Each structure stands twice: as C-alpha cells, then as structure tokens.
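Colleague: One file is attached below, entry-v8.txt, containing compact mmCIF, C-alpha atoms.
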```txt
# COMPACT_ATOMS: atom_id res chain seq x y z
CA MET A 1 -10.94 23.19 -8.18
CA LEU A 2 -12.42 19.78 -8.33
CA PRO A 3 -15.77 18.17 -8.00
CA ARG A 4 -15.88 14.49 -7.32
CA GLY A 5 -16.52 11.04 -8.70
CA PRO A 6 -17.50 8.61 -5.99
CA GLY A 7 -17.92 4.94 -6.71
CA PHE A 8 -20.42 2.70 -4.98
CA SER A 9 -19.27 -0.85 -4.42
CA ASN A 10 -19.12 -3.54 -1.81
CA GLY A 11 -15.38 -3.74 -2.37
CA HIS A 12 -14.12 -4.55 1.09
CA PRO A 13 -10.74 -3.11 2.06
CA PRO A 14 -7.65 -4.77 0.63
CA ARG A 15 -6.27 -5.52 4.09
CA PRO A 16 -7.94 -6.52 7.38
CA ARG A 17 -9.25 -3.73 9.59
CA ARG A 18 -9.39 -3.85 13.35
CA GLY A 19 -12.93 -3.83 14.70
CA ARG A 20 -13.88 -0.96 17.01
CA THR A 21 -15.70 -1.11 20.32
CA ARG A 22 -19.34 -0.11 20.61
CA GLY A 23 -20.47 2.99 22.50
CA LEU A 24 -20.06 2.77 26.25
CA ARG A 25 -23.10 2.83 28.50
CA ASP A 26 -23.02 5.18 31.47
CA SER A 27 -23.00 2.22 33.83
CA TYR A 28 -19.58 1.02 32.60
CA ARG A 29 -16.84 1.81 35.09
CA GLY A 30 -13.21 1.13 35.91
CA LEU A 31 -10.49 -0.41 33.79
CA LEU A 32 -12.83 -1.86 31.17
CA GLN A 33 -14.13 1.62 30.40
CA GLN A 34 -10.60 3.06 30.16
CA GLN A 35 -9.45 0.32 27.80
CA GLN A 36 -12.45 0.71 25.52
CA GLN A 37 -12.15 4.47 25.39
CA GLN A 38 -8.56 4.17 24.21
CA ASP A 39 -9.83 2.50 21.05
CA TRP A 40 -12.29 5.29 20.30
CA PRO A 41 -11.39 7.79 17.57
CA SER A 42 -10.93 11.33 18.83
CA ALA A 43 -13.45 13.98 17.79
CA ARG A 44 -12.58 17.52 16.79
CA PRO A 45 -14.29 20.11 19.03
CA CYS A 46 -17.40 21.75 17.61
CA THR A 47 -16.42 25.33 16.70
CA GLU A 48 -18.44 28.42 15.85
CA PHE A 49 -17.57 27.73 12.20
CA ASP A 50 -19.10 24.27 12.55
CA LYS A 51 -22.27 25.70 14.09
CA ALA A 52 -22.63 28.14 11.21
CA TYR A 53 -22.05 25.29 8.75
CA PHE A 54 -24.73 23.13 10.35
CA HIS A 55 -27.14 26.07 10.47
CA ALA A 56 -26.73 26.58 6.72
CA TYR A 57 -28.08 23.07 6.17
CA SER A 58 -31.30 23.90 8.02
CA HIS A 59 -32.52 25.87 4.98
CA VAL A 60 -34.94 24.03 2.72
CA GLY A 61 -33.36 25.34 -0.50
CA VAL A 62 -30.15 23.40 0.09
CA HIS A 63 -32.01 20.12 0.37
CA GLU A 64 -34.33 20.92 -2.52
CA GLU A 65 -31.34 21.46 -4.79
CA MET A 66 -29.68 18.21 -3.72
CA ILE A 67 -32.80 16.05 -3.95
CA LYS A 68 -33.76 17.50 -7.34
CA ASP A 69 -30.35 16.48 -8.66
CA ASP A 70 -31.51 13.28 -10.34
CA VAL A 71 -27.96 12.09 -11.03
CA ARG A 72 -27.09 12.36 -7.35
CA THR A 73 -30.29 11.01 -5.80
CA GLY A 74 -30.93 8.41 -8.48
CA THR A 75 -27.40 7.02 -8.22
CA TYR A 76 -27.67 6.65 -4.45
CA LYS A 77 -31.01 4.89 -4.81
CA ALA A 78 -29.56 2.59 -7.48
CA ALA A 79 -26.60 1.74 -5.22
CA ILE A 80 -28.87 0.93 -2.29
CA MET A 81 -30.95 -1.39 -4.44
CA ARG A 82 -27.83 -2.97 -5.96
CA TYR A 83 -26.55 -3.91 -2.50
CA GLN A 84 -29.95 -4.64 -1.01
CA ASN A 85 -28.71 -8.09 -0.03
CA LEU A 86 -26.09 -6.42 2.19
CA ILE A 87 -28.61 -3.96 3.66
CA GLU A 88 -31.66 -6.13 4.23
CA GLY A 89 -31.95 -7.14 7.87
CA LYS A 90 -28.87 -5.07 8.79
CA VAL A 91 -28.19 -1.96 10.88
CA VAL A 92 -27.41 1.18 8.86
CA LEU A 93 -25.92 4.55 9.85
CA ASP A 94 -26.71 7.55 7.64
CA VAL A 95 -24.21 10.34 8.43
CA GLY A 96 -25.55 13.80 7.60
CA CYS A 97 -29.02 12.50 6.76
CA GLY A 98 -30.62 15.84 5.86
CA THR A 99 -34.28 15.19 5.06
CA GLY A 100 -33.70 11.48 5.67
CA ILE A 101 -34.17 10.40 2.07
CA LEU A 102 -31.22 7.98 2.00
CA ALA A 103 -32.18 6.54 5.38
CA ILE A 104 -35.69 5.94 4.06
CA PHE A 105 -34.32 4.32 0.90
CA CYS A 106 -32.37 1.93 3.16
CA ALA A 107 -35.42 1.20 5.30
CA LEU A 108 -37.48 0.44 2.19
CA ALA A 109 -34.66 -1.85 1.05
CA GLY A 110 -35.27 -3.91 4.18
CA ALA A 111 -32.80 -2.53 6.73
CA LYS A 112 -33.49 -3.77 10.25
CA ARG A 113 -32.71 -0.38 11.74
CA VAL A 114 -31.37 2.93 10.40
CA TYR A 115 -29.73 5.61 12.52
CA ALA A 116 -30.20 8.90 10.65
CA VAL A 117 -27.86 11.52 12.14
CA ASP A 118 -27.68 15.21 11.31
CA ALA A 119 -26.29 18.17 13.26
CA SER A 120 -28.64 20.58 11.49
CA GLU A 121 -32.16 21.27 12.68
CA ILE A 122 -33.36 19.79 9.38
CA ALA A 123 -33.33 16.60 11.48
CA LEU A 124 -36.59 17.80 13.03
CA GLN A 125 -38.26 17.72 9.62
CA ALA A 126 -36.58 14.41 8.85
CA ASN A 127 -38.18 12.91 11.94
CA GLU A 128 -41.62 14.07 10.77
CA ILE A 129 -40.98 12.68 7.30
CA VAL A 130 -40.10 9.31 8.83
CA LYS A 131 -43.36 9.36 10.81
CA ASP A 132 -45.40 10.33 7.75
CA ASN A 133 -43.99 7.31 5.93
CA ASN A 134 -44.75 4.94 8.85
CA LEU A 135 -41.09 4.09 9.34
CA SER A 136 -40.58 5.18 12.95
CA ASP A 137 -40.07 1.56 13.95
CA LYS A 138 -37.06 1.34 11.63
CA VAL A 139 -35.55 4.82 11.26
CA ILE A 140 -34.18 6.59 14.34
CA VAL A 141 -33.45 10.26 13.63
CA MET A 142 -30.79 11.80 15.87
CA LEU A 143 -30.09 15.54 16.07
CA GLY A 144 -26.40 16.15 16.71
CA ARG A 145 -22.92 15.64 15.30
CA VAL A 146 -22.09 12.04 14.60
CA GLU A 147 -19.08 12.62 16.85
CA ASP A 148 -21.41 13.44 19.77
CA VAL A 149 -24.43 11.12 19.46
CA ASN A 150 -24.75 7.85 21.36
CA ILE A 151 -25.39 4.75 19.26
CA GLU A 152 -25.30 1.67 21.46
CA GLU A 153 -24.61 -0.92 18.78
CA ASN A 154 -22.23 -1.43 15.90
CA VAL A 155 -23.53 -1.01 12.38
CA ASP A 156 -23.26 -3.10 9.23
CA VAL A 157 -23.53 -0.24 6.74
CA ILE A 158 -22.54 3.43 6.65
CA ILE A 159 -24.07 5.61 3.96
CA SER A 160 -23.45 9.31 3.49
CA GLU A 161 -23.49 12.03 0.89
CA TRP A 162 -20.36 13.71 2.23
CA MET A 163 -18.79 15.06 -0.93
CA GLY A 164 -18.43 18.81 -1.42
CA TYR A 165 -17.17 21.07 -4.17
CA MET A 166 -13.63 19.98 -5.05
CA LEU A 167 -14.64 16.71 -3.39
CA LEU A 168 -13.13 17.75 -0.05
CA TYR A 169 -14.72 21.17 0.47
CA GLU A 170 -16.77 21.32 3.69
CA THR A 171 -14.46 18.69 5.24
CA MET A 172 -17.23 16.24 6.03
CA LEU A 173 -15.16 13.14 5.26
CA PRO A 174 -13.53 13.12 8.74
CA SER A 175 -16.98 12.55 10.21
CA ILE A 176 -17.35 9.44 8.04
CA ILE A 177 -13.94 8.25 9.17
CA PHE A 178 -14.95 8.82 12.80
CA ALA A 179 -18.19 6.85 12.35
CA ARG A 180 -16.33 4.06 10.52
CA ASP A 181 -13.71 3.66 13.23
CA LYS A 182 -16.23 3.81 16.07
CA TRP A 183 -19.21 1.81 14.84
CA LEU A 184 -18.65 -0.09 11.57
CA LYS A 185 -18.38 -3.84 11.99
CA PRO A 186 -15.39 -5.61 10.41
CA GLY A 187 -16.29 -6.35 6.80
CA GLY A 188 -19.05 -3.73 6.86
CA LEU A 189 -20.25 -1.79 3.81
CA ILE A 190 -19.59 1.90 3.12
CA LEU A 191 -21.54 3.77 0.45
CA PRO A 192 -19.88 5.34 -1.44
CA SER A 193 -16.80 3.21 -1.05
CA HIS A 194 -14.35 5.23 -3.15
CA ALA A 195 -13.98 8.69 -4.67
CA THR A 196 -11.46 10.07 -7.14
CA LEU A 197 -10.34 13.63 -7.85
CA TYR A 198 -9.17 14.60 -11.32
CA MET A 199 -7.85 17.77 -12.91
CA ALA A 200 -7.39 19.14 -16.42
CA PRO A 201 -6.72 22.43 -18.20
CA VAL A 202 -9.76 23.88 -19.92
CA THR A 203 -10.65 26.76 -22.18
CA HIS A 204 -13.73 28.93 -21.63
CA THR A 205 -13.68 31.94 -23.94
CA ALA A 206 -17.24 33.07 -23.28
CA ARG A 207 -16.75 33.30 -19.52
CA TYR A 208 -13.56 35.32 -19.82
CA SER A 209 -15.11 37.65 -22.38
CA GLU A 210 -18.21 38.17 -20.25
CA SER A 211 -16.30 39.04 -17.07
CA ILE A 212 -13.10 40.66 -18.35
CA ASP A 213 -13.18 41.73 -22.00
CA PHE A 214 -16.47 43.54 -21.34
CA TRP A 215 -14.51 46.33 -19.65
CA ARG A 216 -12.30 47.10 -22.65
CA ASP A 217 -15.08 48.99 -24.42
CA VAL A 218 -18.27 49.96 -22.58
CA TYR A 219 -20.64 51.89 -24.85
CA GLY A 220 -17.62 53.31 -26.66
CA ILE A 221 -15.91 54.31 -23.41
CA LYS A 222 -12.47 52.84 -22.65
CA MET A 223 -12.63 51.23 -19.19
CA SER A 224 -9.49 49.09 -19.26
CA ALA A 225 -8.57 50.60 -15.90
CA MET A 226 -11.22 48.27 -14.48
CA LEU A 227 -9.47 45.12 -15.73
CA PRO A 228 -7.28 44.39 -12.67
CA LEU A 229 -10.21 44.84 -10.32
CA ALA A 230 -12.49 42.80 -12.59
CA LYS A 231 -9.99 39.93 -12.68
CA GLN A 232 -9.59 39.95 -8.93
CA SER A 233 -13.35 40.07 -8.38
CA ALA A 234 -14.15 37.34 -10.90
CA PHE A 235 -11.26 34.96 -10.44
CA GLU A 236 -9.80 35.39 -6.96
CA GLU A 237 -11.78 32.44 -5.61
CA PRO A 238 -12.67 29.18 -7.36
CA CYS A 239 -15.82 29.39 -9.46
CA ILE A 240 -18.60 26.80 -9.44
CA GLU A 241 -19.81 26.57 -13.03
CA THR A 242 -20.99 24.05 -15.61
CA ILE A 243 -18.73 23.35 -18.57
CA THR A 244 -18.80 20.54 -21.13
CA GLY A 245 -16.30 18.06 -22.45
CA GLU A 246 -15.63 20.45 -25.34
CA ASN A 247 -13.94 22.84 -22.90
CA VAL A 248 -11.34 20.25 -21.84
CA LEU A 249 -7.98 20.61 -23.59
CA THR A 250 -6.36 17.28 -22.69
CA TRP A 251 -7.13 13.61 -22.30
CA PRO A 252 -6.78 11.61 -20.17
CA LEU A 253 -7.26 13.75 -17.10
CA MET A 254 -4.81 13.62 -14.19
CA GLN A 255 -5.74 11.93 -10.93
CA VAL A 256 -5.13 14.18 -7.93
CA MET A 257 -6.28 11.82 -5.22
CA GLU A 258 -8.19 8.60 -4.70
CA VAL A 259 -10.18 8.14 -1.51
CA ASP A 260 -10.72 4.65 -0.16
CA CYS A 261 -13.40 5.16 2.47
CA TYR A 262 -12.45 1.88 4.16
CA THR A 263 -8.85 2.82 4.88
CA ILE A 264 -8.28 6.57 4.59
CA LYS A 265 -7.12 8.43 7.71
CA VAL A 266 -7.95 11.97 8.77
CA GLN A 267 -4.29 12.97 8.61
CA GLU A 268 -4.20 12.20 4.88
CA LEU A 269 -6.75 14.95 4.26
CA GLU A 270 -4.78 17.76 5.85
CA SER A 271 -2.59 18.28 2.80
CA ILE A 272 -2.73 16.70 -0.66
CA THR A 273 -0.16 17.39 -3.37
CA ALA A 274 -0.07 16.05 -6.91
CA ASN A 275 2.25 16.78 -9.83
CA TYR A 276 0.81 16.99 -13.32
CA ARG A 277 1.94 17.13 -16.93
CA PHE A 278 -0.46 17.66 -19.79
CA SER A 279 -0.11 17.90 -23.55
CA SER A 280 -2.76 20.10 -25.11
CA MET A 281 -4.81 18.33 -27.76
CA LEU A 282 -6.24 21.63 -29.03
CA ASN A 283 -5.31 25.25 -29.48
CA GLY A 284 -6.36 27.40 -26.53
CA SER A 285 -7.58 30.92 -27.13
CA PRO A 286 -5.34 33.64 -25.67
CA SER A 287 -8.37 35.05 -23.90
CA SER A 288 -9.69 31.86 -22.48
CA ASP A 289 -7.28 29.35 -21.02
CA GLN A 290 -7.81 28.38 -17.39
CA HIS A 291 -6.98 25.43 -15.19
CA SER A 292 -9.82 23.36 -13.92
CA GLN A 293 -10.03 20.28 -11.81
CA ASN A 294 -12.87 17.95 -12.39
CA SER A 295 -13.91 14.43 -11.67
CA SER A 296 -13.98 12.31 -14.78
CA GLN A 297 -15.57 9.12 -13.70
CA SER A 298 -17.80 7.40 -16.22
CA LYS A 299 -21.51 7.97 -16.42
CA LYS A 300 -23.86 6.41 -13.92
CA ARG A 301 -23.83 2.70 -14.59
CA VAL A 302 -26.28 0.23 -13.17
CA LYS A 303 -25.47 -3.03 -14.91
CA SER A 304 -25.18 -5.87 -12.44
CA ASP A 305 -21.54 -6.56 -13.33
CA GLU A 306 -20.30 -2.99 -13.03
CA THR A 307 -19.60 -0.52 -10.26
CA ILE A 308 -22.14 2.27 -9.96
CA VAL A 309 -20.42 5.62 -10.45
CA LEU A 310 -21.72 9.08 -9.63
CA SER A 311 -19.85 11.32 -12.06
CA THR A 312 -19.35 15.08 -12.04
CA ALA A 313 -17.22 15.01 -15.20
CA PRO A 314 -17.94 17.79 -17.71
CA GLU A 315 -18.73 15.26 -20.44
CA ASP A 316 -21.43 13.63 -18.31
CA ALA A 317 -24.87 14.79 -17.22
CA PRO A 318 -24.67 17.97 -15.10
CA THR A 319 -25.10 17.80 -11.34
CA HIS A 320 -25.62 20.41 -8.65
CA TRP A 321 -21.88 20.19 -7.95
CA GLN A 322 -21.17 21.39 -11.51
CA GLN A 323 -17.40 21.77 -12.04
CA THR A 324 -15.03 23.85 -9.93
CA LEU A 325 -12.80 26.11 -11.99
CA LEU A 326 -9.70 27.95 -10.92
CA TYR A 327 -9.30 30.73 -13.48
CA LEU A 328 -5.90 32.21 -14.21
CA TYR A 329 -5.63 35.98 -13.95
CA GLU A 330 -3.67 36.03 -17.19
CA PRO A 331 -4.69 33.38 -19.75
CA ILE A 332 -2.09 31.28 -21.53
CA GLU A 333 -2.08 30.91 -25.30
CA LEU A 334 -1.71 27.22 -26.08
CA LYS A 335 -0.80 25.43 -29.27
CA GLN A 336 -1.56 21.83 -30.02
CA ASP A 337 0.82 19.44 -28.22
CA GLN A 338 2.14 22.23 -25.99
CA ILE A 339 3.12 20.98 -22.53
CA ILE A 340 1.53 22.31 -19.34
CA GLU A 341 3.07 21.04 -16.13
CA GLY A 342 3.27 21.84 -12.46
CA SER A 343 1.74 20.85 -9.15
CA VAL A 344 -1.40 21.40 -7.13
CA THR A 345 -1.68 21.35 -3.34
CA LEU A 346 -4.87 21.35 -1.32
CA THR A 347 -4.67 22.04 2.41
CA GLN A 348 -7.23 22.58 5.11
CA SER A 349 -7.46 26.24 6.02
CA MET A 350 -6.08 27.29 9.40
CA GLU A 351 -8.85 29.87 9.51
CA ASN A 352 -11.59 27.28 9.15
CA PRO A 353 -10.87 23.59 8.50
CA ARG A 354 -13.98 23.41 6.31
CA PHE A 355 -12.29 25.79 3.85
CA LEU A 356 -9.59 24.67 1.43
CA ASN A 357 -6.38 26.47 0.49
CA ILE A 358 -5.35 25.89 -3.11
CA HIS A 359 -1.81 26.33 -4.41
CA LEU A 360 -1.46 25.85 -8.17
CA ALA A 361 1.99 26.06 -9.76
CA TYR A 362 2.11 25.82 -13.55
CA SER A 363 4.58 26.24 -16.37
CA SER A 364 4.08 26.40 -20.10
CA GLY A 365 5.88 27.96 -23.05
CA GLY A 366 8.93 28.78 -20.95
CA ARG A 367 7.00 30.78 -18.37
CA SER A 368 6.10 29.78 -14.80
CA PHE A 369 3.30 31.02 -12.58
CA VAL A 370 1.66 30.42 -9.22
CA LYS A 371 -2.02 30.88 -8.39
CA GLU A 372 -3.18 30.73 -4.78
CA SER A 373 -6.80 30.76 -3.75
CA VAL A 374 -9.11 29.82 -0.90
CA MET A 375 -12.36 27.89 -1.29
CA ARG A 376 -14.62 29.57 1.29
```
Could you show the structure in this file as structure tokens?
Modeller:
Amino acid sequence: MLPRGPGFSNGHPPRPRRGRTRGLRDSYRGLLQQQQQQDWPSARPCTEFDKAYFHAYSHVGVHEEMIKDDVRTGTYKAAIMRYQNLIEGKVVLDVGCGTGILAIFCALAGAKRVYAVDASEIALQANEIVKDNNLSDKVIVMLGRVEDVNIEENVDVIISEWMGYMLLYETMLPSIIFARDKWLKPGGLILPSHATLYMAPVTHTARYSESIDFWRDVYGIKMSAMLPLAKQSAFEEPCIETITGENVLTWPLMQVMEVDCYTIKVQELESITANYRFSSMLNGSPSSDQHSQNSSQSKKRVKSDETIVLSTAPEDAPTHWQQTLLYLYEPIELKQDQIIEGSVTLTQSMENPRFLNIHLAYSSGGRSFVKESVMR
C-alpha cells in the first residue's frame, strides 16, 4: 500500500538517548557481564521464514535492480558525501550491506572502519569486491544477522537501505533499531534518519480495463462469469506498479506514519493505524477508482541547505519500489469535491512477521466498505 520517502539528515534526536554498552568479550565474567547484558536489546530468533528471506537476497538480480536504481543509489551516495565530515575518521556500520556498495562509499568518504553486515551469502561476493577495490584494511564484511554478529566497538554511524514496499514490508527496520540500541554512540548519525508514509486515492482506468473489463467481451464471446475470479486474482494482494501524479485524485496526501530512526521502538511497528479524509479534486471513472498509498516526499535535493530526500512519490522520478496499490474489488464513482474517509491499519502478520496485514476501511457517497489484504 505504500512505498516510502526517507530523509537523510544529521538531525540528532530531539531528546537525549542513553548510550548502550559495547559487545562483551568472552573473557568477561560475573556481575559486570550480567549488568551489561541487561542493557542489550533482545533479538528475535532466526526462523525458517528469515532464512528463506536471506536466501532470496543471495540472487544477483535483486542487487542489480537496486544498484541500477539511480534515484536510490545516487541519493545514498549524495547523502554520504553531504555528511562526509561526520563519516571521515569514524566507525560505520552498514546493516544489510548486500554487495557492499554503501560500505565502500563510506570508506571512500574517509571512514576509519566500516563493518558491512549481511545475513545473505551475497556477503561472500561483497568481501571479494572489497578486496578488488583495495579496501580490506577499512571494510570488514561479516556474514550473519546483525543481531548475531560480534562487533567489539561502538560505532559513530549506521547506514542501511532497510526500506521495503509499503516502507515496512520485509520488516528490516527492527534490525536497525537493534543495531542502534546496541552499538550506536550517543549523538551518532543514522542514514537515513527519517522516513514518512503517505496515502492517497488514485484512479487507474487502463489497469482496471486491462485486467477486468477484458473479460466482458472476448472475441465476441461473453465471459462476464470470469469477472469475480479475475478481480480476486488481480486485486486480492497489493500490486507493485508505477503510476504518475496524474493518477492521484487528492492533494495534499495523508501521512500514515513518520519514522524517526533515532527514537522509534520495535513495539511501534507491530500495528499502525491512521484515519484519513480526502476531498476528490477530480472526477474518478466508475471503472477505475482505487486506493493507493504512496510516499510523497519531494524530489532528491542536494543543495547544501536542504535535507536530501529519496522520494517514491508518483510525481517524482520512478524507482524500483514503484508505488504500492491496493485496488478495490468494486470501483467507486467519484465526483469533484466528494469526500472519501476511513482508516488504514498495518500489522505484522502472525504467519510471518516480514509480511504485512492491511485493513482498509473506507466510506464515500453514503456507502461503506472494508478491504483486507496481505502483503506477502
């Protein structure tokens, strides 16, 4: 339902944070060890779902798609260079390093040492890439979950590309929170520092016609009996597609959630609910209206006096995240200034915490509906 719009800044948290203890060496014993361990964040056990998730990231195509996304990779590089003064000579932790490209960017920006951690076997290739670029003295590649590896010093910077479809899909953010609470020094830098989820109703006539209206007349044969099955097949789960700003029916968009990577807690991610109320600026076709959630941050900005923003908004340059659309089984005919209101709830799936349950309640024109879906 919603891609993401992370912001990169050195905006330190609005209130003081308690520093965390460094990793314990095996030689530590007794009361000191017990006291330090009490301050450690707890790690969720590694499940079979997690192992399958990590295995999926060992395929080269996943990393090729991400790296070729110039908006994504270019924005990260721009952010690293913007805050080079906070990276140079410092210790950096890259969570979910993949091929190691962000870790290498940090090393080239002058980092004293970079811990590049990934639970996928792509870490083996990342280690070779580091060697090929003569950075083995700076970049330490570690194969394993960040919750399980042993880093024997605190870090000044945490960088990660943790965002998934609908921002929270894949549930990687808890790993960033774990690393922050365990290793980040007080006043340390997190990139990205913030992310915001937005939602809006959209219209997409061509998509509905292609998937649904097609069955009304197939080579002169009436196949309307296929419509219920076609709707279920096409729209049961959220769809990852690219739309444009012309598809959006309202402005401004509604904020579902803002993530402050310095302060957010794991418990806050278990269930997120937001109420919304929109007034349609345009008429929506009776065969096209769907609800969509999308990030609407501004375009990538690199001026020295502005925050750098990685946007997945439909009016901005497309990214590999595209937009996540939750299509309604039965479209709503909208008139200009017609009100659409309701609520959206995102919860971690009990089946697999990396999945997201979506509950969308909406009312318009005197009628109320509920759409439930799972992002698998």
Colleague: Which residues are close to A:Pro318, i.e. within 10 Å by all atoms listed in the file, leaving aside same-chain residues fewer than 5 positions away? Reply as a list in words.
Modeller: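 Final neighbour list, sorted by chain and number: Asp69, Asp70, Val71, Arg72, Thr242, Ile243, Thr244, Ser311, Thr312, Ala313 and Gln323 of chain A.
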Colleague: Show which residues sit within 6 Å of A:Leu249, as a ChimeraX atom specification. Count all atoms listed in the file, and ignore same-chain residues fewer than 3 positions away.
Modeller: /A:201-202,280-282
Colleague: Rank A:Ser160, A:Tyr276, A:Asn85, A:Cys97 by their smallest atom-to-atom distance to A:Pro174, using all atoms listed in the file, and report the top residue only.
Modeller: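 When distances to A:Pro174 are compared using all atoms listed in the file, the smallest one comes from A:Ser160.
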Colleague: Considering all atoms listed in the file, can you say which of A:Glu161, A:Val130, A:Cys46, A:His59 comes closest to A:Gly144?
Modeller: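 Closest to A:Gly144, using all atoms listed in the file: A:Cys46.
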Colleague: In file coordinates, which residues lie within 7 Å of (-25.6, 9.9, 10.9) using all atoms listed in the file, given as a ChimeraX atom specification?
Modeller: /A:93-97,115-118,146
Colleague: Within 6 Å of (-18.3, 18.0, -22.5), only C-alpha atoms: residues as a ChimeraX atom specification?
Modeller: /A:244-246,314-315
Colleague: Quick one: distance from atom CA of A:Val139 to atom CA of A:Leu189 in Å, one decimal?
Modeller: 18.3 Å
Colleague: Which one is closest to A:Phe49: A:Lys231, A:His359, A:Arg376, A:Arg354? Count all atoms listed in the file.
Modeller: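 Once distances to A:Phe49 are computed over all atoms listed in the file, the minimum belongs to A:Arg354.
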Colleague: Between A:Ala103, A:Ala119, A:Ile151, A:Ala317, which residue has the minimum interatomic distance to A:Leu135, considering all atoms listed in the file?
Modeller: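 For A:Leu135, the nearest of the candidates is A:Ala103.
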Colleague: Identify, on the basis of all atoms listed in the file, every residue whose closest approach to A:Arg207 does not exceed 10 Å; exclude the query and any residue fewer than 2 positions from it along the same chain; express the result as a tab-separated table (two decimals) with C-alpha atoms, keeping the file's coordinate frame.
Modeller:
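Output saved as result35.tsv:
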```tsv
chain	number	residue	atom	x	y	z
A	203	THR	CA	-10.65	26.76	-22.18
A	204	HIS	CA	-13.73	28.93	-21.63
A	205	THR	CA	-13.68	31.94	-23.94
A	209	SER	CA	-15.11	37.65	-22.38
A	210	GLU	CA	-18.21	38.17	-20.25
A	211	SER	CA	-16.30	39.04	-17.07
A	212	ILE	CA	-13.10	40.66	-18.35
A	213	ASP	CA	-13.18	41.73	-22.00
A	234	ALA	CA	-14.15	37.34	-10.90
A	241	GLU	CA	-19.81	26.57	-13.03
A	287	SER	CA	-8.37	35.05	-23.90
A	288	SER	CA	-9.69	31.86	-22.48
A	327	TYR	CA	-9.30	30.73	-13.48
```
Colleague: Skip A:Met375 itself and residues of its chain fewer than 3 positions away, then list as a ChimeraX atom specification all residues within 12 Å of it, counting all atoms listed in the file.
Modeller: /A:1-2,164-171,235-240,324-326,346-349,351-359,372
